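S.K.: My file is my_file27.cif. It has mmCIF, C-alpha atoms:
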data_entry
loop_
_atom_site.label_atom_id
_atom_site.label_comp_id
_atom_site.auth_asym_id
_atom_site.auth_seq_id
_atom_site.Cartn_x
_atom_site.Cartn_y
_atom_site.Cartn_z
CA MET J 3 64.75 19.16 9.20
CA SER J 4 66.60 15.95 9.92
CA GLY J 5 67.51 13.10 7.61
CA LEU J 6 70.03 12.50 4.88
CA GLY J 7 69.58 13.04 1.18
CA THR J 8 71.14 10.80 -1.39
CA ALA J 9 73.60 12.48 -3.71
CA ARG J 10 73.51 10.45 -6.92
CA LEU J 11 71.36 11.33 -9.89
CA GLY J 12 68.73 8.77 -10.73
CA SER J 13 69.03 6.92 -7.43
CA GLN J 14 65.91 6.12 -5.43
CA GLN J 15 65.43 7.25 -1.86
CA GLY J 16 62.83 6.58 0.78
CA LYS J 17 60.64 9.31 2.17
CA SER J 18 62.37 9.01 5.55
CA ARG J 19 65.71 9.96 3.98
CA ILE J 20 64.86 13.28 2.38
CA HIS J 21 66.56 16.45 3.56
CA ILE J 22 64.93 19.88 3.24
CA ALA J 23 67.05 22.90 4.13
CA THR J 24 66.15 26.49 4.90
CA PRO J 25 68.46 28.67 2.75
CA GLN J 26 70.66 31.17 4.55
CA LEU J 27 71.00 33.56 1.56
CA GLU J 28 74.08 35.22 2.96
CA LEU J 29 77.84 35.39 2.61
CA SER J 30 78.75 32.94 5.37
CA SER J 31 81.50 33.73 7.85
CA LYS J 32 82.25 30.08 8.69
CA PRO J 33 85.94 29.38 7.98
CA ALA J 34 85.30 26.56 5.49
CA ALA J 35 82.77 28.76 3.66
CA VAL J 36 85.18 31.71 3.59
CA VAL J 37 87.99 29.57 2.14
CA LEU J 38 85.63 28.02 -0.42
CA ARG J 39 84.44 31.50 -1.44
CA THR J 40 88.05 32.60 -1.84
CA ALA J 41 88.67 29.62 -4.12
CA ARG J 42 85.59 30.56 -6.14
CA LEU J 43 86.47 34.22 -6.52
CA SER J 44 90.29 34.18 -6.58
CA GLY J 45 91.41 30.65 -7.41
CA PRO J 46 93.90 29.31 -8.17
CA ILE J 47 95.31 30.85 -4.99
CA PHE J 48 98.11 29.98 -2.57
CA ARG J 49 97.31 29.38 1.07
CA ASP J 50 99.27 32.35 2.36
CA ALA J 51 97.46 34.62 -0.10
CA ALA J 52 94.14 33.14 1.01
CA ALA J 53 95.01 33.86 4.63
CA GLU J 54 95.85 37.46 3.74
CA GLN J 55 92.61 37.94 1.79
CA THR J 56 90.35 36.38 4.40
CA ASP J 57 92.04 37.61 7.61
CA LEU J 58 92.12 33.97 8.76
CA SER J 59 95.30 32.59 10.31
CA ILE J 60 97.47 30.44 8.09
CA SER J 61 96.84 27.45 10.38
CA THR J 62 93.08 27.92 10.01
CA VAL J 63 93.39 28.17 6.23
CA ASN J 64 95.53 25.02 6.17
CA ARG J 65 92.93 23.09 8.19
CA GLN J 66 90.05 24.23 5.99
CA VAL J 67 91.94 23.57 2.77
CA GLY J 68 92.73 20.06 3.99
CA ALA J 69 89.10 19.38 4.87
CA LEU J 70 87.81 20.80 1.58
CA LEU J 71 90.35 18.74 -0.37
CA ARG J 72 89.19 15.57 1.38
CA ALA J 73 85.59 16.51 0.57
CA GLY J 74 86.56 16.99 -3.07
CA LEU J 75 85.16 20.52 -3.26
CA ILE J 76 88.53 22.06 -4.10
CA ARG J 77 91.57 20.70 -5.91
CA GLU J 78 95.26 21.52 -5.93
CA ARG J 79 97.11 22.71 -9.02
CA ALA J 80 100.52 21.09 -8.92
CA ASP J 81 101.15 22.42 -12.42
CA LEU J 82 101.17 25.96 -11.04
CA ALA J 83 103.61 25.37 -8.19
CA PRO J 84 106.65 27.70 -8.29
CA ALA J 85 109.84 26.09 -9.55
CA GLY J 86 111.74 24.47 -6.70
CA ALA J 87 108.81 24.80 -4.24
CA ILE J 88 108.60 22.05 -1.63
CA GLY J 89 105.50 21.09 0.36
CA ARG J 90 101.77 21.40 -0.09
CA PRO J 91 101.45 25.03 1.09
CA ARG J 92 103.16 26.02 -2.15
CA LEU J 93 100.47 24.31 -4.23
CA PRO J 94 97.68 26.70 -5.19
CA PHE J 95 94.10 25.49 -4.84
CA GLU J 96 90.92 26.22 -6.75
CA LEU J 97 87.27 25.20 -6.83
CA ASN J 98 86.58 21.76 -8.27
CA ILE J 99 84.27 22.46 -11.18
CA ALA J 100 84.91 19.15 -12.94
CA ASP J 101 83.09 16.65 -10.74
CA PHE J 102 80.00 18.28 -9.24
CA LEU J 103 76.72 19.85 -10.27
CA THR J 104 73.68 21.31 -8.58
CA VAL J 105 70.15 21.45 -9.97
CA GLY J 106 68.14 24.68 -10.04
CA ILE J 107 64.38 24.96 -10.53
CA HIS J 108 62.56 28.26 -10.91
CA ILE J 109 58.79 27.72 -10.79
CA GLY J 110 57.08 30.65 -12.46
CA TYR J 111 53.42 31.43 -12.89
CA LYS J 112 53.56 30.47 -16.57
CA VAL J 113 57.05 29.07 -17.22
CA THR J 114 59.35 26.85 -15.17
CA SER J 115 63.09 26.85 -15.85
CA ILE J 116 65.34 23.93 -14.95
CA THR J 117 69.10 24.42 -14.84
CA THR J 118 72.30 22.69 -13.87
CA HIS J 119 75.13 24.67 -12.30
CA ASP J 120 78.78 24.08 -11.53
CA LEU J 121 80.30 25.16 -8.23
CA LEU J 122 81.15 28.56 -9.71
CA HIS J 123 77.40 29.25 -10.00
CA ARG J 124 77.66 29.10 -13.78
CA VAL J 125 74.77 27.70 -15.79
CA VAL J 126 75.92 24.45 -17.39
CA GLY J 127 72.62 23.62 -19.06
CA ALA J 128 69.07 24.98 -19.11
CA ILE J 129 65.59 24.14 -20.36
CA GLN J 130 62.19 25.76 -19.99
CA ILE J 131 58.84 24.01 -19.70
CA PRO J 132 55.33 25.41 -19.32
CA THR J 133 54.42 25.31 -15.64
CA PRO J 134 52.07 22.29 -15.46
CA GLN J 135 48.46 22.77 -14.45
CA GLY J 136 46.66 20.79 -11.78
CA ALA J 137 46.86 20.02 -8.09
CA PRO J 138 50.13 21.16 -6.43
CA GLU J 139 51.31 17.62 -5.76
CA GLU J 140 50.83 16.63 -9.41
CA VAL J 141 52.47 19.81 -10.70
CA LEU J 142 55.49 19.41 -8.42
CA ALA J 143 55.92 15.73 -9.21
CA ALA J 144 55.90 16.50 -12.95
CA ILE J 145 58.48 19.27 -12.50
CA GLY J 146 60.64 17.01 -10.34
CA VAL J 147 60.61 14.23 -12.93
CA SER J 148 61.57 16.72 -15.66
CA ALA J 149 64.43 18.03 -13.49
CA ARG J 150 65.72 14.53 -12.71
CA ARG J 151 65.67 13.53 -16.39
CA PHE J 152 67.38 16.74 -17.46
CA ALA J 153 70.13 16.48 -14.86
CA SER J 154 70.78 12.83 -15.71
CA ARG J 155 72.26 13.98 -19.04
CA TRP J 156 75.50 14.88 -17.22
CA THR J 157 76.93 11.41 -16.83
CA GLY J 158 80.04 11.20 -14.71
CA LYS J 159 79.02 14.26 -12.68
CA ARG J 160 77.89 14.02 -9.09
CA ALA J 161 74.81 16.11 -8.31
CA LEU J 162 74.87 17.48 -4.80
CA TRP J 163 71.76 19.55 -4.21
CA THR J 164 68.54 20.92 -5.68
CA GLY J 165 67.42 24.52 -5.24
CA VAL J 166 63.88 25.73 -5.85
CA ALA J 167 63.04 29.42 -6.29
CA ILE J 168 59.34 30.23 -6.36
CA GLY J 169 56.99 33.15 -5.79
CA GLY J 170 54.82 33.47 -2.73
CA ARG J 171 55.67 32.67 0.88
CA VAL J 172 58.05 29.83 1.71
CA ARG J 173 57.50 28.24 5.11
CA ASP J 174 59.92 26.10 7.12
CA GLY J 175 60.11 22.62 5.68
CA GLY J 176 59.72 23.86 2.11
CA PHE J 177 55.97 24.44 2.24
CA VAL J 178 54.77 27.22 -0.07
CA ASP J 179 51.76 29.52 -0.16
CA HIS J 180 51.40 30.86 -3.72
CA PRO J 181 48.16 32.82 -4.26
CA ARG J 182 48.66 33.21 -8.03
CA LEU J 183 48.94 29.43 -8.43
CA GLY J 184 46.26 28.79 -5.83
CA TRP J 185 48.64 26.87 -3.56
CA GLU J 186 48.43 26.79 0.23
CA LYS J 187 51.07 24.88 2.19
CA ALA J 188 52.12 23.04 -0.97
CA PRO J 189 54.83 20.48 -0.03
CA VAL J 190 57.38 21.78 -2.51
CA GLY J 191 60.43 20.62 -0.57
CA ARG J 192 59.24 17.09 0.07
CA ILE J 193 57.99 16.32 -3.42
CA ILE J 194 61.00 17.80 -5.22
CA ALA J 195 63.39 15.96 -2.86
CA GLU J 196 61.58 12.68 -3.45
CA THR J 197 61.33 12.99 -7.22
CA VAL J 198 64.76 14.44 -7.95
CA GLY J 199 66.51 12.29 -5.34
CA LEU J 200 68.63 15.03 -3.77
CA PRO J 201 68.61 17.27 -0.70
CA VAL J 202 66.63 20.40 -1.48
CA SER J 203 66.51 24.07 -0.47
CA VAL J 204 63.42 26.21 -1.19
CA ALA J 205 63.37 30.02 -1.24
CA SER J 206 61.18 32.90 -2.29
CA HIS J 207 62.29 33.80 -5.79
CA VAL J 208 62.90 37.53 -5.30
CA GLU J 209 65.00 36.87 -2.20
CA ALA J 210 66.88 34.24 -4.22
CA MET J 211 67.52 36.81 -6.96
CA ALA J 212 68.98 39.18 -4.40
CA ALA J 213 71.17 36.34 -3.13
CA ALA J 214 72.38 35.74 -6.69
CA GLU J 215 73.46 39.38 -6.84
CA LEU J 216 75.58 38.83 -3.73
CA LEU J 217 77.27 35.86 -5.41
CA VAL J 218 77.98 37.83 -8.58
CA ASN J 219 79.14 40.93 -6.71
CA PRO J 220 80.33 40.04 -3.18
CA ASP J 221 81.49 43.63 -2.69
CA ASN J 222 77.85 44.26 -1.75
CA ASN J 223 78.61 42.61 1.60
CA SER J 224 79.65 45.98 3.01
CA SER J 225 76.62 47.89 1.77
CA SER J 226 72.87 47.60 1.43
CA PHE J 227 70.73 47.24 -1.66
CA LEU J 228 67.08 47.05 -2.56
CA TYR J 229 66.28 44.45 -5.20
CA PHE J 230 63.18 45.25 -7.24
CA TYR J 231 61.82 42.54 -9.55
CA ALA J 232 59.17 42.88 -12.24
CA ARG J 233 57.92 40.46 -14.87
CA GLU J 234 54.69 38.50 -14.44
CA MET J 235 54.90 39.24 -10.73
CA VAL J 236 56.46 42.16 -8.85
CA GLY J 237 58.40 41.93 -5.63
CA VAL J 238 61.24 43.33 -3.54
CA ALA J 239 63.99 42.05 -1.29
CA PHE J 240 66.46 43.91 0.91
CA SER J 241 70.08 42.98 1.58
CA VAL J 242 72.42 44.50 4.14
CA ASP J 243 75.93 43.49 5.23
CA GLY J 244 76.05 40.47 2.93
CA SER J 245 72.76 38.94 4.04
CA VAL J 246 69.35 38.95 2.35
CA HIS J 247 66.62 39.77 4.83
CA THR J 248 64.06 36.94 4.92
CA PRO J 249 61.08 37.92 7.10
CA SER J 250 59.49 35.03 8.99
CA SER J 251 56.09 36.21 7.78
CA GLY J 252 57.17 35.98 4.16
CA PRO J 253 58.52 38.45 1.58
CA PRO J 254 57.00 41.93 1.26
CA VAL J 255 53.83 42.02 -0.85
CA ILE J 256 53.72 44.99 -3.21
CA GLY J 257 51.42 43.83 -6.01
CA HIS J 258 48.53 45.79 -4.53
CA PHE J 259 50.44 49.09 -4.34
CA PRO J 260 48.54 51.98 -5.97
CA THR J 261 49.76 53.14 -9.36
CA GLY J 262 47.94 56.40 -9.75
CA ALA J 263 46.26 57.40 -12.99
CA THR J 264 47.27 55.62 -16.20
CA GLU J 265 46.55 56.38 -19.83
CA LEU J 266 47.01 53.11 -21.72
CA LEU J 267 47.82 50.59 -19.00
CA ASP J 268 45.29 49.05 -16.63
CA PRO J 269 42.20 49.11 -18.87
CA ARG J 270 40.21 47.40 -16.09
CA ARG J 271 41.16 50.28 -13.77
CA THR J 272 42.39 48.12 -10.90
CA GLY J 273 44.74 50.87 -9.79
CA GLN J 274 47.17 48.21 -8.53
CA LEU J 275 50.82 47.69 -9.43
CA GLU J 276 50.90 44.02 -10.42
CA PRO J 277 47.78 43.91 -12.62
CA THR J 278 48.98 47.13 -14.26
CA ALA J 279 52.69 46.49 -14.82
CA SER J 280 52.90 42.71 -15.15
CA ASP J 281 53.50 41.05 -18.51
CA THR J 282 49.85 40.01 -18.58
CA GLY J 283 48.78 43.57 -17.77
CA VAL J 284 50.88 44.97 -20.61
CA VAL J 285 49.44 42.46 -23.09
CA GLU J 286 45.89 43.28 -21.97
CA ALA J 287 46.56 46.97 -22.46
CA ALA J 288 48.03 46.37 -25.90
CA ARG J 289 45.03 44.34 -27.02
CA GLN J 290 42.64 46.91 -25.59
CA ALA J 291 44.48 49.54 -27.65
CA GLY J 292 43.95 47.48 -30.81
CA LEU J 293 47.32 45.75 -31.17
CA ALA J 294 47.20 42.15 -32.39
CA VAL J 295 49.62 40.54 -29.92
CA ASP J 296 49.72 37.06 -28.42
CA GLY J 297 52.21 37.77 -25.66
CA ILE J 298 54.71 40.18 -24.18
CA ASP J 299 57.40 39.30 -26.73
CA ALA J 300 55.13 40.53 -29.51
CA VAL J 301 54.71 43.87 -27.74
CA HIS J 302 58.50 44.24 -27.45
CA GLU J 303 58.94 43.33 -31.11
CA LEU J 304 56.40 45.90 -32.25
CA ALA J 305 58.14 48.58 -30.17
CA ARG J 306 61.54 47.67 -31.60
CA ASN J 307 60.10 47.90 -35.11
CA GLY J 308 58.85 51.42 -34.52
CA ASP J 309 55.22 50.92 -33.47
CA ASP J 310 54.43 54.09 -31.57
CA LEU J 311 51.55 52.62 -29.55
CA ALA J 312 53.58 49.65 -28.33
CA ARG J 313 56.41 51.99 -27.38
CA LYS J 314 54.05 54.24 -25.41
CA ILE J 315 52.65 51.26 -23.50
CA LEU J 316 56.15 50.07 -22.53
CA ASP J 317 57.19 53.61 -21.59
CA GLU J 318 54.14 53.94 -19.35
CA ARG J 319 55.03 50.64 -17.72
CA ALA J 320 58.53 52.00 -17.08
CA LEU J 321 57.03 55.15 -15.57
CA VAL J 322 54.75 53.18 -13.22
CA LEU J 323 57.58 50.89 -12.15
CA GLY J 324 60.01 53.76 -11.66
CA ARG J 325 57.61 55.54 -9.33
CA ALA J 326 57.09 52.36 -7.31
CA VAL J 327 60.84 51.79 -7.08
CA ALA J 328 61.38 55.32 -5.78
CA LEU J 329 58.67 55.13 -3.12
CA ILE J 330 59.88 51.77 -1.81
CA ALA J 331 63.50 52.97 -1.85
CA ASP J 332 62.49 55.96 0.25
CA ILE J 333 61.29 53.52 2.92
CA PHE J 334 64.41 51.32 2.96
CA ASN J 335 66.92 54.06 2.00
CA PRO J 336 69.46 51.59 0.52
CA ASP J 337 72.93 52.36 -0.79
CA HIS J 338 71.96 50.89 -4.17
CA ILE J 339 68.84 49.90 -6.08
CA ILE J 340 69.08 46.84 -8.33
CA LEU J 341 66.44 46.30 -11.01
CA GLY J 342 65.80 42.71 -12.03
CA GLY J 343 63.38 40.87 -14.26
CA GLN J 344 62.44 41.01 -17.91
CA ALA J 345 60.29 44.12 -17.42
CA PHE J 346 63.64 45.91 -17.27
CA THR J 347 66.11 43.71 -19.14
CA ASP J 348 63.86 43.02 -22.14
CA ALA J 349 63.15 46.73 -22.64
CA PRO J 350 66.50 48.54 -22.35
CA SER J 351 65.17 51.52 -24.29
CA THR J 352 62.78 52.26 -21.41
CA LEU J 353 65.45 52.30 -18.69
CA PRO J 354 65.98 56.08 -19.01
CA THR J 355 62.25 56.48 -18.30
CA VAL J 356 62.61 54.31 -15.19
CA ALA J 357 65.58 56.36 -14.01
CA LYS J 358 63.78 59.65 -14.68
CA ALA J 359 60.71 58.47 -12.74
CA VAL J 360 62.90 57.48 -9.80
CA ARG J 361 64.62 60.88 -9.77
CA GLU J 362 61.35 62.79 -9.96
CA THR J 363 59.61 60.72 -7.26
CA THR J 364 62.23 60.07 -4.59
CA VAL J 365 62.94 62.54 -1.82
CA ALA J 366 66.62 61.53 -1.82
CA ALA J 367 69.08 63.85 -3.51
CA LYS J 368 70.48 60.94 -5.52
CA ARG J 369 69.68 57.27 -5.97
CA ASP J 370 72.19 54.76 -7.35
CA VAL J 371 70.07 52.61 -9.68
CA ARG J 372 71.60 49.60 -11.43
CA VAL J 373 70.32 46.78 -13.63
CA SER J 374 70.84 43.25 -12.32
CA HIS J 375 74.12 41.53 -13.22
CA SER J 376 72.06 38.44 -14.05
CA GLY J 377 70.24 40.15 -16.91
CA VAL J 378 67.78 37.97 -18.80
CA THR J 379 68.96 34.85 -16.95
CA VAL J 380 67.80 36.18 -13.59
CA GLN J 381 65.42 33.27 -12.89
CA GLN J 382 68.16 30.75 -13.68
CA GLN J 383 70.68 32.56 -11.49
CA ALA J 384 68.19 32.72 -8.63
CA ALA J 385 67.55 28.97 -8.74
CA GLY J 386 71.29 28.37 -8.94
CA ALA J 387 71.92 30.52 -5.88
CA VAL J 388 69.41 28.45 -3.89
CA SER J 389 70.90 25.17 -5.15
CA LEU J 390 74.36 26.25 -3.99
CA ASP J 391 73.29 27.94 -0.76
CA ALA J 392 73.91 24.98 1.55
CA LEU J 393 77.32 24.32 0.01
CA TYR J 394 78.35 27.96 0.14
CA SER J 395 77.04 28.44 3.70
CA ASP J 396 78.51 25.33 5.34
CA PRO J 397 80.30 23.24 2.72
CA LEU J 398 81.55 20.45 4.98
CA GLU J 399 78.16 19.86 6.59
CA ALA J 400 76.42 20.01 3.21
CA ILE J 401 78.77 17.52 1.57
CA ALA J 402 78.30 15.19 4.54
CA LEU J 403 74.56 15.19 3.91
CA THR J 404 75.13 14.01 0.35
CA ALA J 405 77.49 11.16 1.28
#
Let me see the structure of the file written as structure tokens.
M.R.:
Amino acid sequence: MSGLGTARLGSQQGKSRIHIATPQLELSSKPAAVVLRTARLSGPIFRDAAAEQTDLSISTVNRQVGALLRAGLIRERADLAPAGAIGRPRLPFELNIADFLTVGIHIGYKVTSITTHDLLHRVVGAIQIPTPQGAPEEVLAAIGVSARRFASRWTGKRALWTGVAIGGRVRDGGFVDHPRLGWEKAPVGRIIAETVGLPVSVASHVEAMAAAELLVNPDNNSSSFLYFYAREMVGVAFSVDGSVHTPSSGPPVIGHFPTGATELLDPRRTGQLEPTASDTGVVEAARQAGLAVDGIDAVHELARNGDDLARKILDERALVLGRAVALIADIFNPDHIILGGQAFTDAPSTLPTVAKAVRETTVAAKRDVRVSHSGVTVQQQAAGAVSLDALYSDPLEAIALTA
């Protein structure tokens, strides 16, 4: 997509000036991106140390540091210069977290989270709103207005980009097909860019969650992992060699996968993974079993307080999910499996059941299964990863688009 996006919160921009980017969701190898990543992970750092860490020549590091300093994305720390040092190469540099923000939006089936992030990918502020009901254009405009108002609280900060993470299939140009919301080619990118007033990137939320794992643990760039997400929706993403695979036909669809026989879950006997193991499916099963619950949190609370029926329902969910994880892992055969979403993080007592189901179902001798680093903030971290993707992938081009 062509066109420039304005970079100031609250400013107005014409429709011809919006910029919609396709996220790369990878650890970029461009020199400016490599130096910026080094500043993020190791700063404050001296230029010679950065050259050693990145395998870039010292002249290349010097050029990139100079360009990033002019862009304002990094800053020098004269206070940390060695005593008697002369010249800029002896001034360490670090990421500039004081002046910039990005805006993250995770649009869920029931709840939408809006966050602001600094350039370290840390959440600076966060709110949740019920996902509005109505036509896609009206829903997106309402979310965009909420995001713009929320981000405007950070006076004196320059907002650079907006990132949207959402279920369903994301097409080029930020158009989204979302069967659960009833959306087809919804203009997510355009409407969010217009209402928030910033360049925007739009990504499938499970792929964005996998990208967030790469940001938190860049050591994964030399290995592969399967990311398995479960909450109201279920989904998977696969990452290898520091890049999240984003199929042109959309993310893998696993909600229809067969679950096998269940005892308490799936009272409507759909036999499918998402209706069975989703938050809504768990609540339906609990009500069918006679528990007076108004949502998934009530089921968790009953289980924590010793209700045997609630505990059995959550254990059965863990069993169903563990089997699905194992079968999908046997297809991809990753080095690691990462479990994300509140189906796992909100029920830590069921994780041994998940692990046992994986062991008993997989044909592999051993599977390395881990819980997401993002924990209960996984949706926020995913939106943040998308909001920072353009800056992390090609920082100098991205900052030019916000000028």
S.K.: Name the closest residue to Ile330 in chain J among the candidates J:Arg369, J:Arg233, J:His108, J:His119; distances are taken between atoms, counting all atoms listed in the file.
M.R.: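 Comparing J:Arg369, J:Arg233, J:His108, J:His119 against Ile330 in chain J, the winner is J:Arg369.
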S.K.: Measuring between all atoms listed in the file, which one of J:Ile168, J:Ala288, J:Val113, J:Ala195 shows the shortest distance to Gly146 in chain J?
M.R.: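 For Gly146 in chain J, the nearest of the given residues is J:Ala195.
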S.K.: Out of J:Ser206, J:Ser376, J:Thr264, J:Ser280, which residue has the shortest atom-to-atom distance to Asn219 in chain J when counting all atoms listed in the file?
M.R.: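 Using all atoms listed in the file, the shortest distance to Asn219 in chain J belongs to J:Ser376.
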S.K.: Considering all atoms listed in the file, can you say which of J:Arg306, J:Arg171, J:Lys358, J:Arg289 comes closest to Ala320 in chain J?
M.R.: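 Closest to Ala320 in chain J of all the choices is J:Lys358.
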S.K.: For the file shown, what are the residues hit by the PyMOL selection byres ((chain J and resi 198) around 7), laid out as a compact mmCIF listing (two decimals) with C-alpha atoms, in the frame of the given file?
M.R.:
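To be explicit, this is the file written out as result-v9.txt:
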# COMPACT_ATOMS: atom_id res chain seq x y z
CA GLY J 146 60.64 17.01 -10.34
CA VAL J 147 60.61 14.23 -12.93
CA ALA J 149 64.43 18.03 -13.49
CA ARG J 150 65.72 14.53 -12.71
CA ILE J 194 61.00 17.80 -5.22
CA ALA J 195 63.39 15.96 -2.86
CA GLU J 196 61.58 12.68 -3.45
CA THR J 197 61.33 12.99 -7.22
CA GLY J 199 66.51 12.29 -5.34
CA LEU J 200 68.63 15.03 -3.77
S.K.: Name the closest residue to Arg155 in chain J among the candidates J:Glu78, J:Ala128, J:Phe240, J:Phe346; distances are taken between atoms, counting only C-alpha atoms.
M.R.: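 Nearest to Arg155 in chain J: J:Ala128.
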S.K.: To verify the selection step, state as a ChimeraX atom specification which residues the PyMOL selection byres ((chain J and resi 343) around 12) yields on this input.
M.R.: /J:207-208,211-212,229-238,280-281,323,340-342,344-350,373-384
S.K.: Using the chain letters and residue numbers of this document, give as a list in words the residues selected by the PyMOL selection byres ((chain J and resi 268) around 7).
M.R.: Thr264, Leu266, Leu267, Pro269, Arg270, Arg271, Thr272, Pro277, Thr278, Gly283 and Ala287 of chain J
S.K.: To one decimal in Å, tell me the separation between CA of Ala331 in chain J and CA of Leu228 in chain J.
M.R.: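 CA of Leu228 in chain J lies at a distance of 7.0 Å from CA of Ala331 in chain J.
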S.K.: Counting all atoms listed in the file, select every polymer residue within 12 Å of (70.3, 13.1, -16.0) as defined in the file's coordinates, and provide the selection as a list in words.
M.R.: Arg10, Leu11, Gly12, Ser13, Leu103, Thr104, Val105, Ile116, Thr117, Thr118, Gly127, Gly146, Val147, Ser148, Ala149, Arg150, Arg151, Phe152, Ala153, Ser154, Arg155, Trp156, Thr157, Gly158, Lys159, Arg160, Ala161, Val198 and Gly199 of chain J
S.K.: Please compute the CA of Ala359 in chain J-CA of Leu321 in chain J distance, one decimal, in Å.
M.R.: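 If I compute the distance from CA of Ala359 in chain J to CA of Leu321 in chain J, I get 5.7 Å.
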S.K.: For a cutoff of 6 Å around the file-coordinate point (52.1, 24.1, -1.3), which residues qualify once you count all atoms listed in the file? I'd like the result as an MDAnalysis selection string.
M.R.: chainID J and resid 177:179 185:190
S.K.: Kindly indicate which residue among J:Ala69, J:Val218, J:Ala167, J:Ala210 lies nearest to Arg124 in chain J, using all atoms listed in the file for the distances.
M.R.: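 Smallest separation from Arg124 in chain J among the options: J:Val218.
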S.K.: Figure out the distance between CA of Leu293 in chain J and CA of Ala326 in chain J, please, to one decimal in Å.
M.R.: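 Computing it gives 26.6 Å between the two atoms.
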